[in-house]
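S.K.: Data file model19.tsv (TSV, C-alpha atoms) is appended below.
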```tsv
chain	number	residue	atom	x	y	z
A	1	MET	CA	106.37	113.47	101.31
A	2	THR	CA	109.37	111.39	100.53
A	3	SER	CA	111.11	110.89	97.21
A	4	GLY	CA	108.01	109.67	95.41
A	5	LYS	CA	109.44	106.28	94.45
A	6	TYR	CA	105.94	104.75	94.36
A	7	PHE	CA	103.82	107.74	93.30
A	8	ASN	CA	101.38	107.11	90.43
A	9	ARG	CA	102.35	103.44	90.07
A	10	GLY	CA	99.80	100.68	89.72
A	11	VAL	CA	99.38	98.42	92.76
A	12	MET	CA	98.87	94.66	92.65
A	13	ALA	CA	98.05	92.06	95.29
A	14	LEU	CA	99.25	88.45	95.24
A	15	ASP	CA	95.88	87.33	93.86
A	16	SER	CA	94.83	90.47	91.95
A	17	PRO	CA	96.60	92.11	88.99
A	18	TYR	CA	95.24	95.56	89.84
A	19	ILE	CA	93.90	97.12	93.04
A	20	GLY	CA	94.57	100.80	92.28
A	21	HIS	CA	97.23	103.52	91.96
A	22	VAL	CA	99.47	105.20	94.54
A	23	ILE	CA	98.25	108.78	94.95
A	24	ARG	CA	100.34	109.74	97.98
A	25	GLU	CA	103.47	108.47	99.67
A	26	THR	CA	104.62	109.21	103.20
A	27	GLU	CA	107.74	108.04	105.01
A	28	ASP	CA	106.12	104.79	106.12
A	29	LYS	CA	103.14	104.08	103.85
A	30	ILE	CA	101.57	104.39	100.42
A	31	ILE	CA	98.03	105.66	99.89
A	32	VAL	CA	96.22	103.73	97.16
A	33	PHE	CA	92.99	104.80	95.45
A	34	GLY	CA	91.28	101.76	93.96
A	35	GLU	CA	88.19	101.22	91.85
A	36	GLY	CA	84.97	102.75	93.08
A	37	ASN	CA	85.40	104.27	96.48
A	38	ASP	CA	88.25	102.04	97.71
A	39	ARG	CA	91.25	103.48	99.55
A	40	TYR	CA	94.05	101.56	101.21
A	41	ASP	CA	96.75	103.02	103.48
A	42	ILE	CA	99.39	100.29	103.14
A	43	PRO	CA	102.65	100.26	105.14
A	44	LYS	CA	105.74	100.17	102.94
A	45	SER	CA	106.87	97.12	104.92
A	46	GLU	CA	104.12	95.12	103.11
A	47	ILE	CA	105.61	95.89	99.67
A	48	GLN	CA	107.16	92.76	98.22
A	49	THR	CA	108.64	94.09	94.96
A	50	THR	CA	108.60	97.22	92.84
A	51	GLY	CA	109.01	97.36	89.10
A	52	ARG	CA	106.57	98.94	86.74
A	53	ASN	CA	103.96	98.23	89.44
A	54	VAL	CA	104.05	97.86	93.21
A	55	LEU	CA	103.39	94.30	94.43
A	56	VAL	CA	101.98	94.07	97.94
A	57	GLY	CA	102.81	90.72	99.52
A	58	LEU	CA	99.22	90.02	100.60
A	59	ASN	CA	95.99	88.80	99.00
A	60	LEU	CA	93.38	91.46	98.23
A	61	TYR	CA	91.14	90.19	101.03
A	62	GLU	CA	93.97	90.64	103.57
A	63	ILE	CA	94.78	94.13	102.26
A	64	ALA	CA	91.12	95.17	102.52
A	65	LYS	CA	90.75	93.67	106.00
A	66	LYS	CA	93.89	95.33	107.39
A	67	TYR	CA	94.33	98.57	105.46
A	68	LYS	CA	91.05	99.73	103.90
A	69	VAL	CA	90.00	103.18	105.13
A	70	ARG	CA	87.26	105.61	104.22
A	71	ARG	CA	88.20	107.44	101.05
A	72	GLU	CA	86.83	110.67	102.47
A	73	ASP	CA	89.26	110.63	105.42
A	74	PRO	CA	92.01	113.26	105.24
A	75	LEU	CA	95.13	112.12	103.42
A	76	PRO	CA	98.20	111.69	105.62
A	77	THR	CA	101.25	113.89	105.19
A	78	SER	CA	104.90	113.38	106.07
A	79	SER	CA	105.42	116.69	107.75
A	80	PRO	CA	104.57	116.82	111.44
A	81	THR	CA	101.83	119.18	112.57
A	82	GLN	CA	103.04	122.01	114.75
A	83	GLU	CA	100.91	123.30	117.57
A	84	TRP	CA	100.18	127.02	117.55
A	85	THR	CA	99.56	128.81	120.79
A	86	GLN	CA	98.38	132.38	121.06
A	87	GLY	CA	100.96	134.66	122.62
A	88	GLU	CA	100.43	138.06	124.15
A	89	ASN	CA	101.29	139.98	120.98
A	90	ILE	CA	99.38	138.39	118.13
A	91	ASP	CA	100.96	138.90	114.73
A	92	LEU	CA	98.25	137.73	112.35
A	93	ALA	CA	100.45	138.13	109.27
A	94	SER	CA	103.07	135.77	110.74
A	95	TYR	CA	100.36	133.25	111.60
A	96	GLU	CA	98.92	133.34	108.07
A	97	ARG	CA	102.39	132.86	106.54
A	98	LYS	CA	103.09	129.89	108.81
A	99	TYR	CA	99.63	128.35	108.35
A	100	PRO	CA	98.44	129.39	104.89
A	101	LYS	CA	94.82	128.95	103.95
A	102	SER	CA	94.98	126.29	101.29
A	103	LEU	CA	92.58	123.97	99.52
A	104	PHE	CA	95.23	121.24	99.36
A	105	ASN	CA	94.03	117.86	100.63
A	106	LYS	CA	90.40	118.96	101.07
A	107	GLY	CA	87.65	116.63	99.96
A	108	VAL	CA	85.65	117.71	96.91
A	109	ARG	CA	81.92	117.27	96.31
A	110	VAL	CA	79.41	118.31	93.64
A	111	LEU	CA	76.01	119.95	94.26
A	112	ASN	CA	74.22	116.71	95.13
A	113	GLU	CA	76.93	116.02	97.77
A	114	ASP	CA	78.59	113.13	95.85
A	115	HIS	CA	82.20	112.78	96.96
A	116	LEU	CA	84.64	113.16	94.04
A	117	GLY	CA	88.09	112.93	95.59
A	118	HIS	CA	90.76	115.19	97.10
A	119	ILE	CA	92.57	118.30	95.91
A	120	MET	CA	96.15	117.35	95.12
A	121	LYS	CA	97.35	120.64	93.61
A	122	GLU	CA	96.15	124.21	93.67
A	123	THR	CA	97.20	127.06	91.38
A	124	ASN	CA	95.95	130.63	91.31
A	125	ASP	CA	92.99	129.71	89.12
A	126	MET	CA	92.75	125.87	89.04
A	127	ILE	CA	92.43	122.88	91.35
A	128	VAL	CA	93.62	119.36	90.47
A	129	ILE	CA	91.37	116.65	91.90
A	130	PHE	CA	92.29	112.97	92.16
A	131	GLY	CA	89.04	111.02	92.38
A	132	ASP	CA	87.24	107.73	92.13
A	133	TYR	CA	88.09	105.27	89.34
A	134	ASN	CA	91.52	106.91	89.04
A	135	TYR	CA	89.92	109.99	87.51
A	136	ARG	CA	91.65	113.33	87.52
A	137	PHE	CA	89.84	116.62	87.07
A	138	ASP	CA	91.44	120.03	86.46
A	139	VAL	CA	88.68	122.45	87.49
A	140	PRO	CA	88.73	126.28	87.43
A	141	LYS	CA	88.43	127.80	90.91
A	142	SER	CA	85.64	130.01	89.57
A	143	LEU	CA	83.38	126.91	89.72
A	144	ILE	CA	83.78	126.55	93.50
A	145	LYS	CA	80.49	127.27	95.27
A	146	GLU	CA	81.56	126.83	98.91
A	147	VAL	CA	84.62	126.01	100.94
A	148	GLY	CA	84.32	124.54	104.39
A	149	ARG	CA	85.37	121.15	105.56
A	150	ASN	CA	84.98	120.14	101.89
A	151	VAL	CA	85.05	122.07	98.63
A	152	ILE	CA	81.64	122.12	96.94
A	153	LEU	CA	81.66	122.64	93.18
A	154	ASN	CA	78.81	124.57	91.57
A	155	MET	CA	77.91	121.75	89.16
A	156	ASP	CA	76.62	118.21	88.95
A	157	LEU	CA	78.57	115.13	87.98
A	158	PRO	CA	77.71	115.18	84.24
A	159	GLN	CA	78.96	118.77	83.97
A	160	LEU	CA	82.16	117.86	85.81
A	161	MET	CA	83.10	115.24	83.21
A	162	LYS	CA	84.15	117.94	80.74
A	163	TYR	CA	87.03	118.76	83.13
A	164	LYS	CA	88.32	115.16	83.21
A	165	VAL	CA	91.92	114.82	82.04
A	166	ASP	CA	94.37	111.94	81.71
A	167	ARG	CA	95.72	111.26	85.20
A	168	ASN	CA	99.30	111.32	83.83
A	169	ALA	CA	98.90	114.60	81.92
A	170	PRO	CA	101.12	117.54	82.94
A	171	LEU	CA	99.81	119.76	85.72
A	172	PRO	CA	98.05	123.03	84.79
A	173	THR	CA	101.36	124.77	85.55
A	174	GLY	CA	103.04	122.72	82.79
A	175	GLU	CA	105.06	120.66	85.28
A	176	PRO	CA	105.07	116.85	85.04
A	177	ILE	CA	102.61	114.95	87.27
A	178	GLU	CA	105.58	113.55	89.22
A	179	LYS	CA	106.03	117.05	90.70
A	180	LEU	CA	103.14	116.22	93.08
A	181	SER	CA	105.31	113.66	94.86
A	182	GLU	CA	107.79	116.41	95.78
A	183	GLU	CA	105.17	118.77	97.20
A	184	GLN	CA	103.35	118.72	100.50
```
Would you kindly transcribe this structure into structure tokens?
M.R.:
Amino acid sequence: MTSGKYFNRGVMALDSPYIGHVIRETEDKIIVFGEGNDRYDIPKSEIQTTGRNVLVGLNLYEIAKKYKVRREDPLPTSSPTQEWTQGENIDLASYERKYPKSLFNKGVRVLNEDHLGHIMKETNDMIVIFGDYNYRFDVPKSLIKEVGRNVILNMDLPQLMKYKVDRNAPLPTGEPIEKLSEEQ
């Protein structure tokens, strides 16, 4: 990720005062989660001005037509993926250090398979989920039922709501939310 100049800012279109918030920033685009299940991967070249909010120099219809993607798709990162090839002498410890098993960026679902969002931060005992309607949930890892392509929580949506926190609240580690823009 880059400097995080746009992270957590509201996003506006020329004809709409609010289309969502920036939840991720790469070198060349911003990832915007909008209302409902909307997600837009918008090139930074489309940004007209930045103040308190980010103004995209297009109408909402044009943004949706050009840049709307499935919210469940993996979030892009700025760091390039490195290929790993198996050598003759396999050092599993080196491989695990280079490619740690992490929940970061995985999709999250509840028991009935409803998609909630993506994991943006992981601590030893908590996961921070950015979800639909600009919700943020800080959920204990002990409530994870399964981990595969997605993380399945051992609860239904009404139970999850007790873990909802203000999206701008400090992270479970006590760091400010802006710290996410510095991490990968």
S.K.: So, counting all atoms listed in the file, which residue among A:Leu180, A:Val22, A:Ala64, A:Ala13 is closest to Lys121 in chain A?
M.R.: A:Leu180
S.K.: Which residues are near Val56 in chain A? Cut-off 12 Å, all atoms listed in the file, ignore same chain within fewer than 5 positions. Put them as a PyMOL selection string.
M.R.: chain A and resi 6+10-20+22+29-30+32+40-51+61-64+67
S.K.: So that I can check the surroundings of Leu153 in chain A, please list as a list in words every protein, DNA and RNA residue that reaches within 12 Å of it, counting all atoms listed in the file and ignoring chain neighbours fewer than 5 positions away.
M.R.: Gly107, Val108, Arg109, Val110, Leu111, Asn112, Glu113, Asp114, His115, Leu116, Gly117, Ile127, Ile129, Phe137, Val139, Pro140, Lys141, Ser142, Leu143, Ile144, Lys145, Glu146, Val147, Gly148, Gln159 and Leu160 of chain A
S.K.: Write the selection just made, keeping C-alpha atoms, as an mmCIF file, in the frame of the given file?
M.R.:
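Writing done, so here's result.cif:
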```cif
data_model
loop_
_atom_site.group_PDB
_atom_site.id
_atom_site.type_symbol
_atom_site.label_atom_id
_atom_site.label_comp_id
_atom_site.auth_asym_id
_atom_site.auth_seq_id
_atom_site.Cartn_x
_atom_site.Cartn_y
_atom_site.Cartn_z
ATOM 1 C CA GLY A 107 87.650 116.630 99.960
ATOM 2 C CA VAL A 108 85.650 117.710 96.910
ATOM 3 C CA ARG A 109 81.920 117.270 96.310
ATOM 4 C CA VAL A 110 79.410 118.310 93.640
ATOM 5 C CA LEU A 111 76.010 119.950 94.260
ATOM 6 C CA ASN A 112 74.220 116.710 95.130
ATOM 7 C CA GLU A 113 76.930 116.020 97.770
ATOM 8 C CA ASP A 114 78.590 113.130 95.850
ATOM 9 C CA HIS A 115 82.200 112.780 96.960
ATOM 10 C CA LEU A 116 84.640 113.160 94.040
ATOM 11 C CA GLY A 117 88.090 112.930 95.590
ATOM 12 C CA ILE A 127 92.430 122.880 91.350
ATOM 13 C CA ILE A 129 91.370 116.650 91.900
ATOM 14 C CA PHE A 137 89.840 116.620 87.070
ATOM 15 C CA VAL A 139 88.680 122.450 87.490
ATOM 16 C CA PRO A 140 88.730 126.280 87.430
ATOM 17 C CA LYS A 141 88.430 127.800 90.910
ATOM 18 C CA SER A 142 85.640 130.010 89.570
ATOM 19 C CA LEU A 143 83.380 126.910 89.720
ATOM 20 C CA ILE A 144 83.780 126.550 93.500
ATOM 21 C CA LYS A 145 80.490 127.270 95.270
ATOM 22 C CA GLU A 146 81.560 126.830 98.910
ATOM 23 C CA VAL A 147 84.620 126.010 100.940
ATOM 24 C CA GLY A 148 84.320 124.540 104.390
ATOM 25 C CA GLN A 159 78.960 118.770 83.970
ATOM 26 C CA LEU A 160 82.160 117.860 85.810
#
```
S.K.: How many Å separate CA of Met161 in chain A from CA of Gly36 in chain A?
M.R.: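 Separation of CA of Met161 in chain A and CA of Gly36 in chain A: 16.0 Å.
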S.K.: May I have the centre and edge lengths, in Å to one decimal, of an axis-aligned box around the listed atoms of range 67-73 of chain A with 4 Å added to every side, as lines of an AutoDock Vina configuration file?
M.R.:
```
center_x = 90.6
center_y = 104.6
center_z = 103.3
size_x = 15.5
size_y = 20.1
size_z = 12.4
```
S.K.: I'd like to know which of A:Phe7, A:Phe104, A:Tyr135, A:Phe33 is closest to Arg52 in chain A, using only C-alpha atoms.
M.R.: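 Checking each of A:Phe7, A:Phe104, A:Tyr135, A:Phe33 against Arg52 in chain A, counting only C-alpha atoms, the winner is A:Phe7.
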S.K.: Suppose you want the space between CA of Leu55 in chain A and CA of Asn134 in chain A; what is it in Å?
M.R.: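 Going from CA of Leu55 in chain A over to CA of Asn134 in chain A covers 18.1 Å.
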S.K.: Between A:Ala169, A:Ile23, A:Leu58, A:Met155, which residue has the minimum interatomic distance to Asn105 in chain A, considering all atoms listed in the file?
M.R.: A:Ile23
S.K.: What is the distance, in Å and to one decimal place, between CA of His21 in chain A and CA of Ser102 in chain A?
M.R.: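 Computed distance, CA of His21 in chain A to CA of Ser102 in chain A, equals 24.7 Å.
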S.K.: Name the closest residue to Arg70 in chain A among the candidates A:Leu103, A:Asn150, A:Ile31, A:Glu175; distances are taken between atoms, counting all atoms listed in the file.
M.R.: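 Of A:Leu103, A:Asn150, A:Ile31, A:Glu175, the one nearest Arg70 in chain A, counting all atoms listed in the file, is A:Ile31.
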S.K.: Would you please work out which residue, of A:Gly131, A:Ser181, A:His118, A:Asn154, is nearest to Arg167 in chain A when using all atoms listed in the file?
M.R.: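 Of the candidates, the smallest distance to Arg167 in chain A is held by A:Gly131.
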S.K.: With N, CA and C atoms as the target, complete range 16-38 of chain A and hand it back as a PDB file, in the coordinates of the input.
M.R.:
```
ATOM      1  N   SER A  16      95.567  89.500  92.762  1.00  0.00           N
ATOM      2  CA  SER A  16      94.830  90.470  91.950  1.00  0.00           C
ATOM      3  C   SER A  16      95.822  91.306  91.138  1.00  0.00           C
ATOM      4  N   PRO A  17      95.649  91.361  89.817  1.00  0.00           N
ATOM      5  CA  PRO A  17      96.600  92.110  88.990  1.00  0.00           C
ATOM      6  C   PRO A  17      96.475  93.616  89.102  1.00  0.00           C
ATOM      7  N   TYR A  18      95.397  94.108  89.719  1.00  0.00           N
ATOM      8  CA  TYR A  18      95.240  95.560  89.840  1.00  0.00           C
ATOM      9  C   TYR A  18      94.299  95.873  90.994  1.00  0.00           C
ATOM     10  N   ILE A  19      94.797  96.664  91.967  1.00  0.00           N
ATOM     11  CA  ILE A  19      93.900  97.120  93.040  1.00  0.00           C
ATOM     12  C   ILE A  19      93.801  98.645  93.067  1.00  0.00           C
ATOM     13  N   GLY A  20      94.658  99.348  92.327  1.00  0.00           N
ATOM     14  CA  GLY A  20      94.570 100.800  92.280  1.00  0.00           C
ATOM     15  C   GLY A  20      95.906 101.433  91.935  1.00  0.00           C
ATOM     16  N   HIS A  21      96.012 102.751  92.205  1.00  0.00           N
ATOM     17  CA  HIS A  21      97.230 103.520  91.960  1.00  0.00           C
ATOM     18  C   HIS A  21      97.642 104.252  93.229  1.00  0.00           C
ATOM     19  N   VAL A  22      98.935 104.445  93.401  1.00  0.00           N
ATOM     20  CA  VAL A  22      99.470 105.200  94.540  1.00  0.00           C
ATOM     21  C   VAL A  22      99.239 106.688  94.260  1.00  0.00           C
ATOM     22  N   ILE A  23      98.497 107.349  95.138  1.00  0.00           N
ATOM     23  CA  ILE A  23      98.250 108.780  94.950  1.00  0.00           C
ATOM     24  C   ILE A  23      99.009 109.644  95.949  1.00  0.00           C
ATOM     25  N   ARG A  24      99.577 108.996  96.963  1.00  0.00           N
ATOM     26  CA  ARG A  24     100.340 109.740  97.980  1.00  0.00           C
ATOM     27  C   ARG A  24     101.314 108.770  98.609  1.00  0.00           C
ATOM     28  N   GLU A  25     102.464 109.290  98.996  1.00  0.00           N
ATOM     29  CA  GLU A  25     103.470 108.470  99.670  1.00  0.00           C
ATOM     30  C   GLU A  25     103.991 109.248 100.865  1.00  0.00           C
ATOM     31  N   THR A  26     104.027 108.608 102.015  1.00  0.00           N
ATOM     32  CA  THR A  26     104.620 109.210 103.200  1.00  0.00           C
ATOM     33  C   THR A  26     105.879 108.424 103.534  1.00  0.00           C
ATOM     34  N   GLU A  27     106.513 108.744 104.635  1.00  0.00           N
ATOM     35  CA  GLU A  27     107.740 108.040 105.010  1.00  0.00           C
ATOM     36  C   GLU A  27     107.507 106.553 105.220  1.00  0.00           C
ATOM     37  N   ASP A  28     106.331 106.184 105.742  1.00  0.00           N
ATOM     38  CA  ASP A  28     106.120 104.790 106.120  1.00  0.00           C
ATOM     39  C   ASP A  28     104.988 104.075 105.393  1.00  0.00           C
ATOM     40  N   LYS A  29     104.235 104.770 104.526  1.00  0.00           N
ATOM     41  CA  LYS A  29     103.140 104.080 103.850  1.00  0.00           C
ATOM     42  C   LYS A  29     102.839 104.683 102.481  1.00  0.00           C
ATOM     43  N   ILE A  30     102.073 103.903 101.700  1.00  0.00           N
ATOM     44  CA  ILE A  30     101.570 104.390 100.420  1.00  0.00           C
ATOM     45  C   ILE A  30     100.051 104.471 100.533  1.00  0.00           C
ATOM     46  N   ILE A  31      99.464 105.477  99.903  1.00  0.00           N
ATOM     47  CA  ILE A  31      98.030 105.660  99.890  1.00  0.00           C
ATOM     48  C   ILE A  31      97.562 105.272  98.495  1.00  0.00           C
ATOM     49  N   VAL A  32      96.664 104.285  98.432  1.00  0.00           N
ATOM     50  CA  VAL A  32      96.220 103.730  97.160  1.00  0.00           C
ATOM     51  C   VAL A  32      94.741 104.026  96.975  1.00  0.00           C
ATOM     52  N   PHE A  33      94.388 104.653  95.842  1.00  0.00           N
ATOM     53  CA  PHE A  33      92.990 104.800  95.450  1.00  0.00           C
ATOM     54  C   PHE A  33      92.692 103.672  94.479  1.00  0.00           C
ATOM     55  N   GLY A  34      91.677 102.873  94.806  1.00  0.00           N
ATOM     56  CA  GLY A  34      91.280 101.760  93.960  1.00  0.00           C
ATOM     57  C   GLY A  34      90.018 102.080  93.201  1.00  0.00           C
ATOM     58  N   GLU A  35      89.443 101.054  92.597  1.00  0.00           N
ATOM     59  CA  GLU A  35      88.190 101.220  91.850  1.00  0.00           C
ATOM     60  C   GLU A  35      87.079 101.640  92.804  1.00  0.00           C
ATOM     61  N   GLY A  36      86.102 102.328  92.261  1.00  0.00           N
ATOM     62  CA  GLY A  36      84.970 102.750  93.080  1.00  0.00           C
ATOM     63  C   GLY A  36      85.425 103.718  94.143  1.00  0.00           C
ATOM     64  N   ASN A  37      85.103 103.390  95.355  1.00  0.00           N
ATOM     65  CA  ASN A  37      85.400 104.270  96.480  1.00  0.00           C
ATOM     66  C   ASN A  37      86.449 103.665  97.397  1.00  0.00           C
ATOM     67  N   ASP A  38      87.269 102.737  96.888  1.00  0.00           N
ATOM     68  CA  ASP A  38      88.250 102.040  97.710  1.00  0.00           C
ATOM     69  C   ASP A  38      89.480 102.911  97.953  1.00  0.00           C
TER      70      ASP A  38
END
```
